[in-house]
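Everything below belongs to structure.cif, which stores mmCIF, C-alpha atoms and all ligand atoms.
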```
data_run
loop_
_atom_site.group_PDB
_atom_site.id
_atom_site.type_symbol
_atom_site.label_atom_id
_atom_site.label_comp_id
_atom_site.auth_asym_id
_atom_site.auth_seq_id
_atom_site.Cartn_x
_atom_site.Cartn_y
_atom_site.Cartn_z
ATOM 1 C CA MET A 165 84.646 26.158 66.292
ATOM 2 C CA THR A 166 82.099 23.341 66.435
ATOM 3 C CA ARG A 167 82.353 19.909 64.941
ATOM 4 C CA CYS A 168 79.604 17.784 63.449
ATOM 5 C CA LEU A 169 78.531 15.202 66.048
ATOM 6 C CA ASN A 170 77.964 12.652 63.300
ATOM 7 C CA CYS A 171 81.113 12.769 61.189
ATOM 8 C CA GLY A 172 83.451 15.050 63.149
ATOM 9 C CA ALA A 173 83.948 17.543 60.316
ATOM 10 C CA GLU A 174 84.176 21.230 61.159
ATOM 11 C CA ARG A 175 80.748 22.789 60.894
ATOM 12 C CA THR A 176 80.077 26.407 59.991
ATOM 13 C CA ALA A 177 76.354 26.182 59.285
ATOM 14 C CA ASP A 178 73.592 24.138 60.944
ATOM 15 C CA VAL A 179 73.728 21.571 58.152
ATOM 16 C CA CYS A 180 77.081 19.769 57.953
ATOM 17 C CA GLU A 181 78.757 20.133 54.575
ATOM 18 C CA ALA A 182 80.480 16.768 54.879
ATOM 19 C CA CYS A 183 77.579 14.455 55.763
ATOM 20 C CA GLY A 184 74.518 16.644 55.155
ATOM 21 C CA LEU A 185 72.983 16.160 58.609
ATOM 22 C CA SER A 186 71.573 19.039 60.622
ATOM 23 C CA SER A 187 72.901 19.426 64.171
ATOM 24 C CA THR A 188 69.740 17.779 65.580
ATOM 25 C CA LEU A 189 69.989 14.770 63.266
ATOM 26 C CA ALA A 190 73.732 14.503 63.914
ATOM 27 C CA GLU A 191 73.030 14.382 67.648
ATOM 28 C CA ILE A 192 70.501 11.567 67.154
ATOM 29 C CA ALA A 193 73.015 9.678 64.982
ATOM 30 C CA LEU A 194 75.721 10.084 67.650
ATOM 31 C CA ARG A 195 73.452 8.867 70.451
ATOM 32 C CA ARG A 196 72.410 5.821 68.441
ATOM 33 C CA ARG A 197 76.055 4.988 67.742
ATOM 34 C CA LEU A 198 76.991 5.470 71.401
ATOM 35 C CA LEU A 199 74.196 3.102 72.403
ATOM 36 C CA ASN A 200 75.357 0.430 69.926
ATOM 37 C CA ARG A 201 78.962 0.677 71.109
ATOM 38 C CA THR A 202 77.833 0.473 74.719
ATOM 39 C CA ALA A 203 75.918 -2.730 73.916
ATOM 40 C CA LEU A 204 79.104 -4.073 72.302
ATOM 41 C CA LEU A 205 81.061 -3.167 75.455
ATOM 42 C CA MET A 206 78.603 -5.012 77.717
ATOM 43 C CA LEU A 207 78.637 -8.067 75.437
ATOM 44 C CA GLY A 208 82.444 -7.979 75.608
ATOM 45 C CA ALA A 209 82.306 -7.923 79.410
ATOM 46 C CA LEU A 210 80.017 -10.969 79.298
ATOM 47 C CA ALA A 211 82.334 -12.739 76.832
ATOM 48 C CA PHE A 212 85.239 -11.997 79.164
ATOM 49 C CA VAL A 213 83.433 -13.584 82.129
ATOM 50 C CA VAL A 214 82.661 -16.686 80.032
ATOM 51 C CA ALA A 215 86.289 -16.923 78.854
ATOM 52 C CA GLY A 216 87.431 -16.501 82.458
ATOM 53 C CA SER A 217 85.270 -19.390 83.621
ATOM 54 C CA GLU A 218 86.413 -21.686 80.779
ATOM 55 C CA PHE A 219 90.126 -21.084 81.344
ATOM 56 C CA PRO A 220 90.239 -19.495 84.800
ATOM 57 C CA PRO A 221 93.487 -17.735 85.695
ATOM 58 C CA LEU A 222 94.840 -18.486 89.158
ATOM 59 C CA GLU A 223 94.397 -14.776 89.936
ATOM 60 C CA ILE A 224 90.825 -14.735 88.566
ATOM 61 C CA ASP A 225 89.418 -12.508 91.323
ATOM 62 C CA GLY A 226 92.021 -9.783 90.871
ATOM 63 C CA ILE A 227 91.601 -9.913 87.094
ATOM 64 C CA LEU A 228 87.787 -9.730 87.367
ATOM 65 C CA ILE A 229 88.054 -6.668 89.608
ATOM 66 C CA PHE A 230 90.471 -5.028 87.166
ATOM 67 C CA VAL A 231 88.263 -5.680 84.129
ATOM 68 C CA GLY A 232 85.147 -4.681 86.090
ATOM 69 C CA LEU A 233 86.724 -1.315 86.945
ATOM 70 C CA LEU A 234 87.825 -0.867 83.340
ATOM 71 C CA VAL A 235 84.307 -1.508 82.007
ATOM 72 C CA PHE A 236 82.866 0.797 84.668
ATOM 73 C CA LEU A 237 85.264 3.642 83.741
ATOM 74 C CA THR A 238 84.609 3.096 80.022
ATOM 75 C CA LEU A 239 80.854 3.293 80.650
ATOM 76 C CA GLY A 240 81.393 6.500 82.624
ATOM 77 C CA LEU A 241 83.332 7.940 79.699
ATOM 78 C CA GLY A 242 80.445 7.023 77.337
ATOM 79 C CA ILE A 243 77.965 8.803 79.604
ATOM 80 C CA TRP A 244 80.277 11.842 79.716
ATOM 81 C CA VAL A 245 80.468 11.933 75.893
ATOM 82 C CA GLU A 246 76.678 11.890 75.705
ATOM 83 C CA ARG A 247 76.335 14.653 78.317
ATOM 84 C CA ARG A 248 78.806 16.847 76.432
ATOM 85 C CA ALA A 249 77.018 16.197 73.142
ATOM 86 C CA LEU A 250 73.752 17.335 74.757
ATOM 87 C CA GLN A 251 75.497 20.542 75.843
ATOM 88 C CA HIS A 252 76.894 20.935 72.300
ATOM 89 C CA ALA A 253 80.442 20.802 73.645
ATOM 90 C CA GLU A 254 83.453 19.308 71.874
ATOM 91 C CA VAL A 255 83.302 15.475 71.930
ATOM 92 C CA GLU A 256 85.631 14.300 69.135
ATOM 93 C CA ALA A 257 88.662 13.361 71.274
ATOM 94 C CA LEU A 258 86.653 11.757 74.108
ATOM 95 C CA LYS A 259 84.536 9.866 71.578
ATOM 96 C CA ARG A 260 87.640 8.367 69.985
ATOM 97 C CA ILE A 261 88.999 7.241 73.353
ATOM 98 C CA TYR A 262 85.610 5.718 74.170
ATOM 99 C CA TYR A 263 85.391 3.868 70.849
ATOM 100 C CA GLY A 264 88.992 2.717 71.319
ATOM 101 C CA LEU A 265 88.206 1.171 74.718
ATOM 102 C CA ILE A 266 85.139 -0.787 73.499
ATOM 103 C CA PRO A 267 87.089 -3.828 72.159
ATOM 104 C CA VAL A 268 89.331 -4.124 75.255
ATOM 105 C CA PRO A 269 87.166 -6.678 77.187
ATOM 106 C CA TRP A 270 86.834 -8.730 73.969
ATOM 107 C CA LEU A 271 90.616 -8.717 73.488
ATOM 108 C CA LEU A 272 91.272 -9.639 77.128
ATOM 109 C CA GLY A 273 88.746 -12.501 76.826
ATOM 110 C CA ALA A 274 90.481 -13.741 73.662
ATOM 111 C CA LEU A 275 93.797 -13.487 75.510
ATOM 112 C CA LEU A 276 92.506 -15.739 78.323
ATOM 113 C CA ILE A 277 91.152 -18.292 75.838
ATOM 114 C CA GLY A 278 94.428 -18.342 73.887
ATOM 115 C CA ASN A 279 96.408 -18.532 77.138
ATOM 116 C CA GLY A 280 94.619 -21.727 78.222
ATOM 117 C CA TRP A 281 93.442 -23.365 75.026
ATOM 118 C CA LEU A 282 96.774 -23.139 73.201
ATOM 119 C CA ASP A 283 98.847 -24.005 76.269
ATOM 120 C CA ARG A 284 100.608 -27.261 75.308
ATOM 121 C CA ALA A 285 103.166 -27.233 78.142
ATOM 122 C CA PRO A 286 103.012 -30.116 80.672
ATOM 123 C CA ARG A 287 100.549 -29.474 83.498
ATOM 124 C CA GLU A 288 101.827 -28.906 87.007
ATOM 125 C CA SER A 289 100.325 -30.665 90.055
ATOM 126 C CA TRP A 290 100.214 -29.099 93.512
ATOM 127 C CA PRO A 291 99.171 -31.267 96.457
ATOM 128 C CA THR A 292 97.519 -29.065 99.055
ATOM 129 C CA GLN A 293 94.641 -28.856 101.510
ATOM 130 C CA VAL A 294 91.256 -27.129 101.514
ATOM 131 C CA ILE A 295 90.968 -24.428 104.174
ATOM 132 C CA SER A 296 87.495 -23.133 103.367
ATOM 133 C CA ARG A 297 85.007 -22.671 100.563
ATOM 134 C CA VAL A 298 83.393 -19.521 99.201
ATOM 135 C CA ARG A 299 80.312 -19.589 97.006
ATOM 136 C CA MET A 300 78.754 -16.464 95.545
ATOM 137 C CA PHE A 301 75.441 -16.241 93.737
ATOM 138 C CA GLY A 302 74.149 -13.333 91.725
ATOM 139 C CA PRO A 303 75.059 -11.979 88.312
ATOM 140 C CA LEU A 304 78.636 -13.262 88.701
ATOM 141 C CA PRO A 305 78.229 -16.622 90.439
ATOM 142 C CA SER A 306 81.498 -18.104 91.625
ATOM 143 C CA ASN A 307 82.689 -21.229 93.429
ATOM 144 C CA ARG A 308 86.063 -20.954 95.097
ATOM 145 C CA LEU A 309 88.043 -23.457 97.119
ATOM 146 C CA VAL A 310 90.419 -21.622 99.440
ATOM 147 C CA VAL A 311 93.520 -23.820 99.709
ATOM 148 C CA ARG A 312 96.984 -23.541 101.253
ATOM 149 C CA SER A 313 99.254 -21.884 98.724
ATOM 150 C CA TRP A 314 102.267 -23.541 97.130
ATOM 151 C CA ARG A 315 103.624 -20.228 95.898
ATOM 152 C CA GLU A 316 106.173 -18.199 97.759
ATOM 153 C CA GLY A 317 104.746 -15.029 99.257
ATOM 154 C CA HIS A 318 101.157 -16.330 99.137
ATOM 155 C CA ASN A 319 99.294 -17.784 102.119
ATOM 156 C CA VAL A 320 96.232 -19.063 100.286
ATOM 157 C CA GLU A 321 94.969 -19.586 96.761
ATOM 158 C CA ARG A 322 91.346 -19.034 95.848
ATOM 159 C CA ILE A 323 90.832 -21.766 93.257
ATOM 160 C CA PRO A 324 87.913 -21.309 90.843
ATOM 161 C CA VAL A 325 86.124 -24.680 90.509
ATOM 162 C CA THR A 326 82.967 -26.095 88.966
ATOM 163 C CA ARG A 327 79.874 -26.569 91.117
ATOM 164 C CA THR A 328 80.450 -30.344 91.156
ATOM 165 C CA ASP A 329 84.008 -29.938 92.453
ATOM 166 C CA PHE A 330 82.825 -27.336 94.938
ATOM 167 C CA ASP A 331 80.338 -29.835 96.420
ATOM 168 C CA ARG A 332 82.897 -32.668 96.323
ATOM 169 C CA PHE A 333 85.451 -31.013 98.602
ATOM 170 C CA HIS A 334 85.223 -29.850 102.193
ATOM 171 C CA PRO A 335 87.555 -28.049 104.603
ATOM 172 C CA ASN A 336 90.599 -30.159 105.618
ATOM 173 C CA ASP A 337 90.277 -32.392 102.514
ATOM 174 C CA GLU A 338 93.549 -33.155 100.745
ATOM 175 C CA LEU A 339 93.505 -32.378 97.042
ATOM 176 C CA VAL A 340 95.707 -31.828 94.024
ATOM 177 C CA VAL A 341 95.401 -28.616 92.044
ATOM 178 C CA LYS A 342 96.439 -28.951 88.396
ATOM 179 C CA THR A 343 97.620 -25.780 86.701
ATOM 180 C CA GLY A 344 98.986 -24.749 83.317
ATOM 181 C CA ILE A 345 101.759 -22.186 82.945
ATOM 182 C CA GLY A 346 99.745 -20.438 80.218
ATOM 183 C CA LEU A 347 100.738 -19.575 76.661
ATOM 184 C CA VAL A 348 101.241 -15.914 77.539
ATOM 185 C CA GLY A 349 102.426 -16.659 81.078
ATOM 186 C CA ILE A 350 99.146 -16.278 82.974
ATOM 187 C CA PRO A 351 98.987 -19.366 85.248
ATOM 188 C CA TRP A 352 95.543 -20.955 85.006
ATOM 189 C CA VAL A 353 93.620 -23.689 86.779
ATOM 190 C CA VAL A 354 93.107 -26.896 84.790
ATOM 191 C CA GLY A 355 91.184 -28.666 87.544
ATOM 192 C CA VAL A 356 91.245 -30.221 90.997
ATOM 193 C CA ASP A 357 91.300 -33.862 92.020
ATOM 194 C CA ARG A 358 91.624 -36.191 95.004
ATOM 195 C CA GLU A 359 95.194 -37.063 95.870
HETATM 196 ZN ZN ZN B 1 78.805 15.729 59.440
#
```
As structure tokens:
Amino acid sequence: MTRCLNCGAERTADVCEACGLSSTLAEIALRRRLLNRTALLMLGALAFVVAGSEFPPLEIDGILIFVGLLVFLTLGLGIWVERRALQHAEVEALKRIYYGLIPVPWLLGALLIGNGWLDRAPRESWPTQVISRVRMFGPLPSNRLVVRSWREGHNVERIPVTRTDFDRFHPNDELVVKTGIGLVGIPWVVGVDRE
């Protein structure tokens, strides 16, 4: 049994009875749709990075790695769907999983924004000391102050800061890290200041 690549209906002849597309046209329609969804996925990844720099979670690096892997796997799934479509193999189930994963980076970005923006709880202040600084350029530029941790079981915290704050602090400087507990419980960095 084969299914129409465009609408997913069972197809007995070359022209689909449900949508009227031939198998060639259905394949073109599927590839165009896959391309659009992939663009939406990449935009979502970008939106997530922006949300993460506006309201950076304390564990931003771990979260970025997780979302990066997720986007990477989703992209891989999209490529697999396209390959299978080219080989005229069954794609319905995989296609649905792929389409279902497209909004995930958008939702996670919205979650981070809601977590910080709607967090009305009193801020917490943590006096600590800068150990080192890490700056990364490239597609995902980042400025991190590595400070002594105030949390049990953690040695250091890698605090995401603005470029100005990054330039303002140096190793051995005392500083206060202000955090919010987060509306959905993801601790996030409000800012850093001199003691
Ligand atoms: Zn069809």
Residue IDs satisfying the PyMOL selection byres (((chain A and resi 301-310) around 6) and not hetatm), as number ranges by chain: A: 294-300, 311, 321-325
Picked residues, the PyMOL selection byres (((not hetatm)) within 8 of (chain B and resi 1)), as a list in words: Arg167, Cys168, Leu169, Asn170, Cys171, Gly172, Ala173, Glu174, Arg175, Val179, Cys180, Glu181, Ala182, Cys183, Gly184, Leu185 and Ala190 of chain A
Export C-alpha atoms of the chosen residues as a PDB file, in the frame of the given file?
```pdb
ATOM      1  CA  ARG A 167      82.353  19.909  64.941  1.00  0.00           C
ATOM      2  CA  CYS A 168      79.604  17.784  63.449  1.00  0.00           C
ATOM      3  CA  LEU A 169      78.531  15.202  66.048  1.00  0.00           C
ATOM      4  CA  ASN A 170      77.964  12.652  63.300  1.00  0.00           C
ATOM      5  CA  CYS A 171      81.113  12.769  61.189  1.00  0.00           C
ATOM      6  CA  GLY A 172      83.451  15.050  63.149  1.00  0.00           C
ATOM      7  CA  ALA A 173      83.948  17.543  60.316  1.00  0.00           C
ATOM      8  CA  GLU A 174      84.176  21.230  61.159  1.00  0.00           C
ATOM      9  CA  ARG A 175      80.748  22.789  60.894  1.00  0.00           C
ATOM     10  CA  VAL A 179      73.728  21.571  58.152  1.00  0.00           C
ATOM     11  CA  CYS A 180      77.081  19.769  57.953  1.00  0.00           C
ATOM     12  CA  GLU A 181      78.757  20.133  54.575  1.00  0.00           C
ATOM     13  CA  ALA A 182      80.480  16.768  54.879  1.00  0.00           C
ATOM     14  CA  CYS A 183      77.579  14.455  55.763  1.00  0.00           C
ATOM     15  CA  GLY A 184      74.518  16.644  55.155  1.00  0.00           C
ATOM     16  CA  LEU A 185      72.983  16.160  58.609  1.00  0.00           C
ATOM     17  CA  ALA A 190      73.732  14.503  63.914  1.00  0.00           C
TER      18      ALA A 190
END
```
Hits from the PyMOL selection byres (((chain A and resi 274) around 12) and not hetatm), listed as a ChimeraX atom specification: /A:208-209,211-216,218-219,267-273,275-282,348
Nearest to A:Arg315 by atom-to-atom distance, counting all atoms listed in the file, from A:Leu222, A:Leu199, A:Val245, A:Ala177: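 For A:Arg315, the nearest of the given residues is A:Leu222.
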Nearest candidate to A:Val354 (options A:Gly240, A:Arg284, A:Pro220, A:Asp329; using all atoms listed in the file):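 Closest to A:Val354 of all the choices is A:Pro220.
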d(atom CA of A:Arg287, atom CA of A:Gly344) in Å: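 Computing it gives 5.0 Å between the two atoms.
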Kindly provide, as lines of an AutoDock Vina configuration file, the centre and edge lengths (Å, one decimal) of an axis-aligned box around all atoms of stretch 230-239 of chain A given in the file, with 3 Å on each side.
```
center_x = 85.7
center_y = -1.0
center_z = 83.6
size_x = 15.6
size_y = 15.3
size_z = 13.1
```
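Computed from the coordinates, the atom CA of A:Ala253 to atom CA of A:Thr188 distance equals 13.7 Å.
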Selected residue of minimal separation from A:Lys342 among A:Pro221, A:Tyr262, A:Thr176, A:Gly232, counting only C-alpha atoms: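 With only C-alpha atoms as the atom set, the closest residue is A:Pro221.
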Gap from atom CA of A:Arg248 to atom CA of A:Leu233 - Å, one decimal: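 Going from atom CA of A:Arg248 over to atom CA of A:Leu233 covers 22.4 Å.
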Counting all atoms listed in the file, the option among A:Ala203, A:Ile224, A:Ile229, A:Leu198 closest to A:Ala249: A:Leu198
